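Here is the structure we will look at.
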2 protein chains.
Amino acid sequence: MTPLELRQQVRSGAFRQPTAGYCGPYAQANLVILPQAHAHDFLLFSQRNQRACPLLAVGEPGQWNLPRLGADLDIRSDTPGYNIYREGQLTEQTYALHEVWRDDMVVFAIGCSFSFEHMLLEAGIRLRHVEQRRNVAMFCTNIRNHPAGPFAGEMVVSMRPMKAVDAIRAIQITSRYPAVHGAPVHLGDPRLIGIADIMQPDYGDAVEIMPDEIPVFWACGVTPQEAIRHARLPLVVTHQPGYMLVTDILNSSLAAF
Amino acid sequence: MTPLELRQQVRSGAFRQPTAGYCGPYAQANLVILPQAHAHDFLLFSQRNQRACPLLAVGEPGQWNLPRLGADLDIRSDTPGYNIYREGQLTEQTYALHEVWRDDMVVFAIGCSFSFEHMLLEAGIRLRHVEQRRNVAMFCTNIRNHPAGPFAGEMVVSMRPMKAVDAIRAIQITSRYPAVHGAPVHLGDPRLIGIADIMQPDYGDAVEIMPDEIPVFWACGVTPQEAIRHARLPLVVTHQPGYMLVTDILNSSLAAF
């Protein structure tokens, strides 16, 4: 299935499930959609917190087709699940945005770790959560985001346990992909970034760490959703975590070198 | 002389000259300063044209001290020369901005190739324009910028002639520094990017290319000044090319890995 075929199945209602494992060579995107009045602040938040919020594309006000992301794409219907936040509260989950869409809505598409996981797997690095078909483990940290307007909060990270030699290689590989979170932000002792219990993730599923492994932490695309909850804006739309927008962008094309 | 000492000499009027060759280990910055009304569009232009406009920092409206760039820094007086554009025309060149500064001015500090040149020289790569104490050769190209609001135009590039082995190494090194233009955008035949005569640069000084060398082209921080001229906004301030803001940011700290 091509990304276009998948998006068309999403649009028709035939595909309503997490997108992990689909269209592997192509980048999937986190979404933040908000009114133009807050767009500058969120763009600034993204600029100041690029590890967590690397932007693949930003639309014009009211623009729901983003050719940069894919052919015949309609952001209002081509993602298999949306979260609608009002005053910082998750109030609705929907399959389409036609009812909440407004002419002043600005779309932000943020890189996703599925892209670099694809590159790690291609390089022969094993990822336990993938082998065990679980969601990656994600944690709130004490790493403060650089504030911009109402957006602030702390960074959310994803964690993958690895042998040191694989961790070093994973740093080299992911460094090539700043558009999908880039290099890790931490490795080793979780307490140094405010994680009290590595077996109790805040999002996703716990994953075992073997004695010859260290945890490696990457900035996570859930960070903006944390910032959005704290910002308590009248209206913000995101994707549902795991239910990503599948783009036509080849992961390999995102390599910085 | 430390960056702070240099900035204090600039502020007192004792230093009014190009900054090339000063405070080599520290990043120097291109400046764009414009009213808040145009800040989102310029931020978007920078996001969409990161090779030419990699942002080191963006201020809040009215913020003239940017601690991210340096200690005790006053953006209104610490750069040795400013260009003031009105309606797209360069109308004044000044040593301070106190008379034009407004509470809605937003500062954009953009990475400068002086940073990666320092890293290339440290790696033993010879740069002819540095050895000949000339300004680097810069060219307008036919590579269109991604437009944002009133900002558009074509990319300006800087060119450095190198032996192939040095060009390959320079690609590897500069790829590590996306915050200061990153990897080259072109190498080889200048005509492929719309440069008719490589001995007739649009800015800076011509530099000889030896038979065993190829020209290597990087996106250049003059690109936004071209975009500003075309945008014809009522008021925009920049640095004078070559008269850069010297920051406290170590070039080595900008390495992506």
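Ligands are numbered from 1 in the order shown, chains are lettered A, B, ... in the order of the structure tokens, and residues start at 1 in each chain.
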Next on the checklist: Write out as JSON, numbers by chain the set of residues from segment 206-250 of chain B that DSSP, computed on the backbone, places in helix (DSSP H, G or I).
Outcome noted: {"B": [223, 224, 225, 226, 227, 228, 229, 230, 231]}
Item to check | Asp189 of chain B surroundings by only C-alpha atoms, 12 Å radius, close-in-sequence under 5 positions cut, as a list in words | outcome: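 Once the nearby chain positions are removed, what remains is Met159, Pro161, Gly194, Ile195, Ala196, Asp197, Ile198, Glu213, Ile214, Pro215, Val216 and Phe217 of chain B.
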Item to check | Residue neighbourhood Gly153 of chain B, 12 Å, only C-alpha atoms, exclusion window fewer than 5 positions, as a PyMOL selection string | outcome: chain B and resi 45+49+52+140-148+222-231
Item to check | Residues of chain A within 10 Å of chain B, only C-alpha atoms counted, as a ChimeraX atom specification | outcome: /A:39-41,43-44,46-48,55-60,148-149,171-172,174-176,178,182-183,256-257
Using N, CA, C and O atoms, can you export the residues from the last selection as a short mmCIF file (atom, residue, chain, number, x, y, z; two decimals), in the first residue's frame?
data_model
loop_
_atom_site.label_atom_id
_atom_site.label_comp_id
_atom_site.auth_asym_id
_atom_site.auth_seq_id
_atom_site.Cartn_x
_atom_site.Cartn_y
_atom_site.Cartn_z
N ALA A 39 -0.54 30.94 16.00
CA ALA A 39 0.41 30.24 15.12
C ALA A 39 1.83 30.75 15.31
O ALA A 39 2.78 29.96 15.32
N HIS A 40 2.01 32.05 15.47
CA HIS A 40 3.37 32.56 15.65
C HIS A 40 3.99 31.99 16.92
O HIS A 40 5.14 31.57 16.92
N ASP A 41 3.22 32.01 18.00
CA ASP A 41 3.76 31.49 19.25
C ASP A 41 4.12 30.01 19.12
O ASP A 41 5.15 29.57 19.63
N LEU A 43 4.86 28.39 16.34
CA LEU A 43 6.02 28.29 15.44
C LEU A 43 7.30 28.62 16.20
O LEU A 43 8.33 27.95 16.06
N LEU A 44 7.21 29.65 17.06
CA LEU A 44 8.35 30.02 17.87
C LEU A 44 8.70 28.92 18.87
O LEU A 44 9.88 28.60 19.09
N SER A 46 8.20 25.80 18.44
CA SER A 46 8.84 24.75 17.65
C SER A 46 10.28 25.12 17.33
O SER A 46 11.18 24.28 17.41
N GLN A 47 10.50 26.39 16.98
CA GLN A 47 11.85 26.83 16.65
C GLN A 47 12.77 26.70 17.86
O GLN A 47 13.93 26.33 17.73
N ARG A 48 12.22 26.97 19.04
CA ARG A 48 13.04 26.96 20.25
C ARG A 48 13.18 25.57 20.86
O ARG A 48 14.00 25.37 21.75
N LEU A 55 9.85 20.57 12.58
CA LEU A 55 8.74 20.81 11.65
C LEU A 55 9.03 20.24 10.27
O LEU A 55 10.05 20.58 9.66
N LEU A 56 8.13 19.40 9.79
CA LEU A 56 8.21 18.91 8.40
C LEU A 56 7.55 19.90 7.46
O LEU A 56 7.96 20.04 6.31
N ALA A 57 6.51 20.57 7.94
CA ALA A 57 5.81 21.55 7.10
C ALA A 57 4.89 22.38 7.98
O ALA A 57 4.42 21.93 9.02
N VAL A 58 4.65 23.62 7.52
CA VAL A 58 3.68 24.50 8.15
C VAL A 58 2.80 25.06 7.05
O VAL A 58 3.30 25.53 6.03
N GLY A 59 1.49 25.01 7.25
CA GLY A 59 0.57 25.49 6.23
C GLY A 59 0.31 26.98 6.34
O GLY A 59 0.71 27.64 7.31
N GLU A 60 -0.36 27.52 5.34
CA GLU A 60 -0.90 28.88 5.40
C GLU A 60 -2.22 28.83 6.15
O GLU A 60 -2.84 27.77 6.24
N ALA A 148 7.45 29.90 24.73
CA ALA A 148 7.10 30.84 23.67
C ALA A 148 5.62 31.13 23.84
O ALA A 148 4.80 30.21 23.71
N GLY A 149 5.29 32.39 24.12
CA GLY A 149 3.88 32.73 24.38
C GLY A 149 3.33 31.81 25.45
O GLY A 149 3.96 31.63 26.50
N ILE A 171 23.22 6.78 17.80
CA ILE A 171 23.48 8.23 17.87
C ILE A 171 23.97 8.73 16.53
O ILE A 171 23.52 9.75 16.02
N GLN A 172 24.90 7.98 15.92
CA GLN A 172 25.40 8.38 14.61
C GLN A 172 24.27 8.44 13.58
O GLN A 172 24.15 9.38 12.81
N THR A 174 20.83 8.53 14.03
CA THR A 174 19.76 9.49 14.25
C THR A 174 20.24 10.94 14.14
O THR A 174 19.45 11.82 13.84
N SER A 175 21.53 11.16 14.35
CA SER A 175 22.08 12.50 14.14
C SER A 175 21.87 12.97 12.71
O SER A 175 21.80 14.17 12.45
N ARG A 176 21.76 12.01 11.81
CA ARG A 176 21.54 12.36 10.40
C ARG A 176 20.12 12.84 10.14
O ARG A 176 19.83 13.32 9.05
N PRO A 178 17.75 15.24 11.80
CA PRO A 178 17.21 16.27 12.70
C PRO A 178 15.72 16.54 12.46
O PRO A 178 15.04 17.00 13.38
N GLY A 182 16.28 13.81 15.57
CA GLY A 182 17.73 13.83 15.60
C GLY A 182 18.32 12.92 16.66
O GLY A 182 17.78 11.85 16.98
N ALA A 183 19.43 13.37 17.23
CA ALA A 183 20.19 12.55 18.17
C ALA A 183 19.48 12.46 19.51
O ALA A 183 18.60 13.26 19.81
N ALA A 256 20.25 14.46 6.81
CA ALA A 256 20.97 15.74 6.71
C ALA A 256 22.24 15.58 5.88
O ALA A 256 22.76 16.55 5.34
N PHE A 257 22.78 14.37 5.80
CA PHE A 257 23.94 14.10 4.93
C PHE A 257 24.05 12.62 4.71
O PHE A 257 23.43 11.85 5.43
#
Checklist entry - Which one is closest to Ala206 of chain B: B:His129, B:Arg191, B:His181, B:Lys163? Count only C-alpha atoms. => result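 Using only C-alpha atoms, the shortest distance to Ala206 of chain B belongs to B:His129.
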Checklist entry - Ala27 of chain A: which residues within 7 Å, counting only C-alpha atoms, same-chain residues fewer than 4 positions away excluded, as a PyMOL selection string? => result chain A and resi 115+246-247+249-251
Checklist entry - Where in segment 46-137 of chain A does DSSP assign strand (DSSP E or B), given as a VMD selection string? => result chain A and resid 55 to 58 82 to 86 89 to 94 105 to 111 137
Next, the residues of the selection above should be written as a CSV table (one decimal), in the first residue's frame with N, CA, C and O atoms.
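Just written: result34.csv:
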chain,number,residue,atom,x,y,z
A,55,LEU,N,9.9,20.6,12.6
A,55,LEU,CA,8.7,20.8,11.7
A,55,LEU,C,9.0,20.2,10.3
A,55,LEU,O,10.0,20.6,9.7
A,56,LEU,N,8.1,19.4,9.8
A,56,LEU,CA,8.2,18.9,8.4
A,56,LEU,C,7.6,19.9,7.5
A,56,LEU,O,8.0,20.0,6.3
A,57,ALA,N,6.5,20.6,7.9
A,57,ALA,CA,5.8,21.5,7.1
A,57,ALA,C,4.9,22.4,8.0
A,57,ALA,O,4.4,21.9,9.0
A,58,VAL,N,4.6,23.6,7.5
A,58,VAL,CA,3.7,24.5,8.2
A,58,VAL,C,2.8,25.1,7.1
A,58,VAL,O,3.3,25.5,6.0
A,82,TYR,N,-8.2,12.0,15.4
A,82,TYR,CA,-7.9,13.4,15.9
A,82,TYR,C,-8.3,13.6,17.3
A,82,TYR,O,-9.3,13.1,17.8
A,83,ASN,N,-7.5,14.3,18.1
A,83,ASN,CA,-7.8,14.8,19.4
A,83,ASN,C,-8.2,16.3,19.3
A,83,ASN,O,-7.5,17.1,18.7
A,84,ILE,N,-9.3,16.6,19.9
A,84,ILE,CA,-9.7,18.1,20.0
A,84,ILE,C,-9.6,18.5,21.4
A,84,ILE,O,-10.2,18.0,22.3
A,85,TYR,N,-8.8,19.5,21.6
A,85,TYR,CA,-8.6,20.1,22.9
A,85,TYR,C,-9.3,21.5,23.0
A,85,TYR,O,-9.1,22.3,22.1
A,86,ARG,N,-10.1,21.7,24.0
A,86,ARG,CA,-10.7,23.0,24.3
A,86,ARG,C,-10.3,23.4,25.7
A,86,ARG,O,-10.5,22.6,26.6
A,89,GLN,N,-8.3,20.9,27.7
A,89,GLN,CA,-8.9,19.6,28.0
A,89,GLN,C,-9.2,18.9,26.7
A,89,GLN,O,-9.7,19.5,25.7
A,90,LEU,N,-8.9,17.6,26.7
A,90,LEU,CA,-9.3,16.7,25.6
A,90,LEU,C,-10.8,16.5,25.6
A,90,LEU,O,-11.3,15.8,26.5
A,91,THR,N,-11.5,17.1,24.7
A,91,THR,CA,-13.0,17.1,24.8
A,91,THR,C,-13.6,16.1,23.8
A,91,THR,O,-14.7,15.6,24.0
A,92,GLU,N,-12.9,15.9,22.6
A,92,GLU,CA,-13.5,15.0,21.6
A,92,GLU,C,-12.4,14.3,20.9
A,92,GLU,O,-11.3,14.8,20.8
A,93,GLN,N,-12.8,13.1,20.4
A,93,GLN,CA,-11.9,12.3,19.5
A,93,GLN,C,-12.7,12.1,18.3
A,93,GLN,O,-13.9,11.6,18.4
A,94,THR,N,-12.2,12.4,17.1
A,94,THR,CA,-13.0,12.4,15.9
A,94,THR,C,-12.2,11.7,14.7
A,94,THR,O,-11.0,11.5,14.8
A,105,MET,N,-7.3,28.2,10.4
A,105,MET,CA,-6.6,27.1,11.0
A,105,MET,C,-5.2,27.0,10.3
A,105,MET,O,-5.1,27.0,9.1
A,106,VAL,N,-4.2,26.8,11.1
A,106,VAL,CA,-2.8,26.6,10.6
A,106,VAL,C,-2.3,25.2,11.0
A,106,VAL,O,-2.4,24.8,12.2
A,107,VAL,N,-1.8,24.5,10.0
A,107,VAL,CA,-1.4,23.1,10.3
A,107,VAL,C,0.1,23.1,10.5
A,107,VAL,O,0.9,23.6,9.7
A,108,PHE,N,0.5,22.4,11.5
A,108,PHE,CA,1.9,22.1,11.8
A,108,PHE,C,2.1,20.6,11.7
A,108,PHE,O,1.5,19.9,12.5
A,109,ALA,N,3.0,20.1,10.9
A,109,ALA,CA,3.3,18.7,10.8
A,109,ALA,C,4.7,18.5,11.3
A,109,ALA,O,5.7,19.2,10.9
A,110,ILE,N,4.8,17.7,12.4
A,110,ILE,CA,6.0,17.5,13.2
A,110,ILE,C,6.6,16.1,12.9
A,110,ILE,O,5.8,15.1,12.9
A,111,GLY,N,7.9,16.0,12.7
A,111,GLY,CA,8.5,14.7,12.5
A,111,GLY,C,8.2,13.7,13.6
A,111,GLY,O,8.0,14.1,14.7
A,137,ALA,N,8.1,3.2,25.0
A,137,ALA,CA,7.9,3.8,26.4
A,137,ALA,C,8.2,5.3,26.3
A,137,ALA,O,9.3,5.7,25.8
